[in-house]
Structure formats: C-alpha cells, structure tokens
Amino acid sequence: VQLQASGGGLVQAGGSLRLSCAASGFTFSHYHMGWFRQAPGKEREFVAAISWSGVSTYYADSVKGRFTISRDNAKNTVYLQMNSLKPEDTAVYYCAAVNTAKSYGSVWFSAGRNVDYWGQGTQVTVSS
C-alpha cells in the first residue's frame, strides 16, 4: 500500500499550489480520501475530505472557499487545489484513506484516528 503525495513547495502569499496523491496497493474507489496538515509545534488538523464517489466534499472552516479537493478514480489519485494561500497554511500536508466501511464523516470528526492509510507528506511553505 502506498500513498505518494507531491506538489508541495514554496509560494508567496496569495499564490496557488496543487497537491496530488497517487494511491497504489488497494482499491482506491473503496476509500474516502482526505487531506490533513501539521504545522511545526502544532497538532495535526483536518483540511478536506471527499467521498469515495467524489460526489461529497467537506472542508475545514480555515480553508473553505480557498481550497478544492477532487479525485480521479480512474487514475487512483486525489488532488488538493490551494488558492489564495496564506502564511498560516504553511505545514506538511498528508493525504489519507478511510475505508468506506467507516462513515464518510469519520474522515474529519475522528481527527485522523479512523484513517487506514497515510501518505508520506509534502511540505507547503507560504511566505509573506
């Protein structure tokens, strides 16, 4: 099982980045997917989630209206489009997979405790 995240980097405030997370070793369409992040000295926090079909999405208040999560089940990939980036978005971003045997809502209300698979993380740094 592997979740390979990519697309992080250094960007100025107001800029954009698109993160990708390529899945392998499991049946991607049987999993809800999410993005979490962890800034230095802070706890991991939920960012966005998407249901197995892609029909439903959910966002943390801090990123709502700026970030968009999407997925392509044919490519076994989940994306996070991040616009209007702020310095407080600086963190390591992790993709996560939650089996559909668990509720879609558990992707965010479990604070990551229900996650079955984690990606390795990609660094996003936003300069002011």
# chains A, B, ... in the order shown; residues from 1 in each chain; ligands from 1

call {"tool": "residues_around", "arguments": {"residues": "Ser70 (chain A)", "least_positions_apart": "4", "cutoff": "9 Å", "atoms": "only C-alpha atoms", "output": "list of chain:residue names"}}
result
A:Ala49, A:Ile50, A:Gly54, A:Thr57, A:Thr77, A:Val78, A:Tyr79, A:Leu80, A:Gln81

call {"tool": "write_last_selection", "arguments": {"atoms": "C-alpha atoms", "output": "PDB file, in the first residue's frame"}}
result
ATOM      1  CA  ALA A  49     -12.384  15.261   2.591  1.00  0.00           C
ATOM      2  CA  ILE A  50     -14.032  13.704  -0.432  1.00  0.00           C
ATOM      3  CA  GLY A  54     -16.382  12.223  -5.426  1.00  0.00           C
ATOM      4  CA  THR A  57     -16.775  17.163  -0.218  1.00  0.00           C
ATOM      5  CA  THR A  77      -5.380   9.997  -7.459  1.00  0.00           C
ATOM      6  CA  VAL A  78      -6.750  12.650  -5.119  1.00  0.00           C
ATOM      7  CA  TYR A  79      -5.944  16.340  -5.531  1.00  0.00           C
ATOM      8  CA  LEU A  80      -5.971  19.453  -3.398  1.00  0.00           C
ATOM      9  CA  GLN A  81      -6.086  22.744  -5.269  1.00  0.00           C
TER      10      GLN A  81
END

call {"tool": "closest_atom_pairs", "arguments": {"of": "region 50-90 of chain A", "to": "region 10-29 of chain A", "cutoff": "9 Å", "atoms": "only C-alpha atoms", "output": "CSV"}}
result
residue,atom,partner,partner_atom,distance
A:Trp52,CA,A:Ser29,CA,5.5
A:Ser53,CA,A:Ser29,CA,7.0
A:Asn73,CA,A:Ser29,CA,6.0
A:Ala74,CA,A:Ser29,CA,8.8
A:Lys75,CA,A:Ala22,CA,7.8
A:Asn76,CA,A:Ala23,CA,5.4
A:Thr77,CA,A:Ala22,CA,4.5
A:Val78,CA,A:Cys21,CA,5.3
A:Tyr79,CA,A:Ser20,CA,4.5
A:Leu80,CA,A:Leu19,CA,5.0
A:Gln81,CA,A:Arg18,CA,4.4
A:Met82,CA,A:Leu17,CA,5.2
A:Asn83,CA,A:Ser16,CA,4.4
A:Ser84,CA,A:Gly14,CA,4.2
A:Leu85,CA,A:Gly14,CA,4.9
A:Lys86,CA,A:Ala13,CA,5.0
A:Pro87,CA,A:Ala13,CA,6.3

call {"tool": "select_by_dssp", "arguments": {"residues": "region 63-97 of chain A", "states": "strand (DSSP E or B)", "output": "list in words"}}
result
Phe67, Thr68, Ile69, Ser70, Arg71, Asp72, Thr77, Val78, Tyr79, Leu80, Gln81, Met82, Ala91, Val92, Tyr93, Tyr94, Cys95, Ala96 and Ala97 of chain A

call {"tool": "closest_atom_pairs", "arguments": {"of": "region 28-88 of chain A", "to": "region 117-126 of chain A", "cutoff": "10 Å", "atoms": "only C-alpha atoms", "output": "JSON lines"}}
result
{"residue": "A:Tyr31", "atom": "CA", "partner": "A:Tyr117", "partner_atom": "CA", "distance": 9.8}
{"residue": "A:Met33", "atom": "CA", "partner": "A:Tyr117", "partner_atom": "CA", "distance": 9.6}
{"residue": "A:Gly34", "atom": "CA", "partner": "A:Trp118", "partner_atom": "CA", "distance": 9.6}
{"residue": "A:Trp35", "atom": "CA", "partner": "A:Gly119", "partner_atom": "CA", "distance": 9.4}
{"residue": "A:Phe36", "atom": "CA", "partner": "A:Gly121", "partner_atom": "CA", "distance": 9.2}
{"residue": "A:Arg37", "atom": "CA", "partner": "A:Gly121", "partner_atom": "CA", "distance": 8.5}
{"residue": "A:Gln38", "atom": "CA", "partner": "A:Gly121", "partner_atom": "CA", "distance": 9.4}
{"residue": "A:Ala39", "atom": "CA", "partner": "A:Gln123", "partner_atom": "CA", "distance": 9.6}
{"residue": "A:Leu85", "atom": "CA", "partner": "A:Val126", "partner_atom": "CA", "distance": 6.8}
{"residue": "A:Lys86", "atom": "CA", "partner": "A:Val126", "partner_atom": "CA", "distance": 6.1}
{"residue": "A:Pro87", "atom": "CA", "partner": "A:Val126", "partner_atom": "CA", "distance": 4.7}
{"residue": "A:Glu88", "atom": "CA", "partner": "A:Val126", "partner_atom": "CA", "distance": 7.6}

call {"tool": "select_by_dssp", "arguments": {"residues": "chain A", "states": "helix (DSSP H, G or I)", "output": "count of residues only"}}
result
10
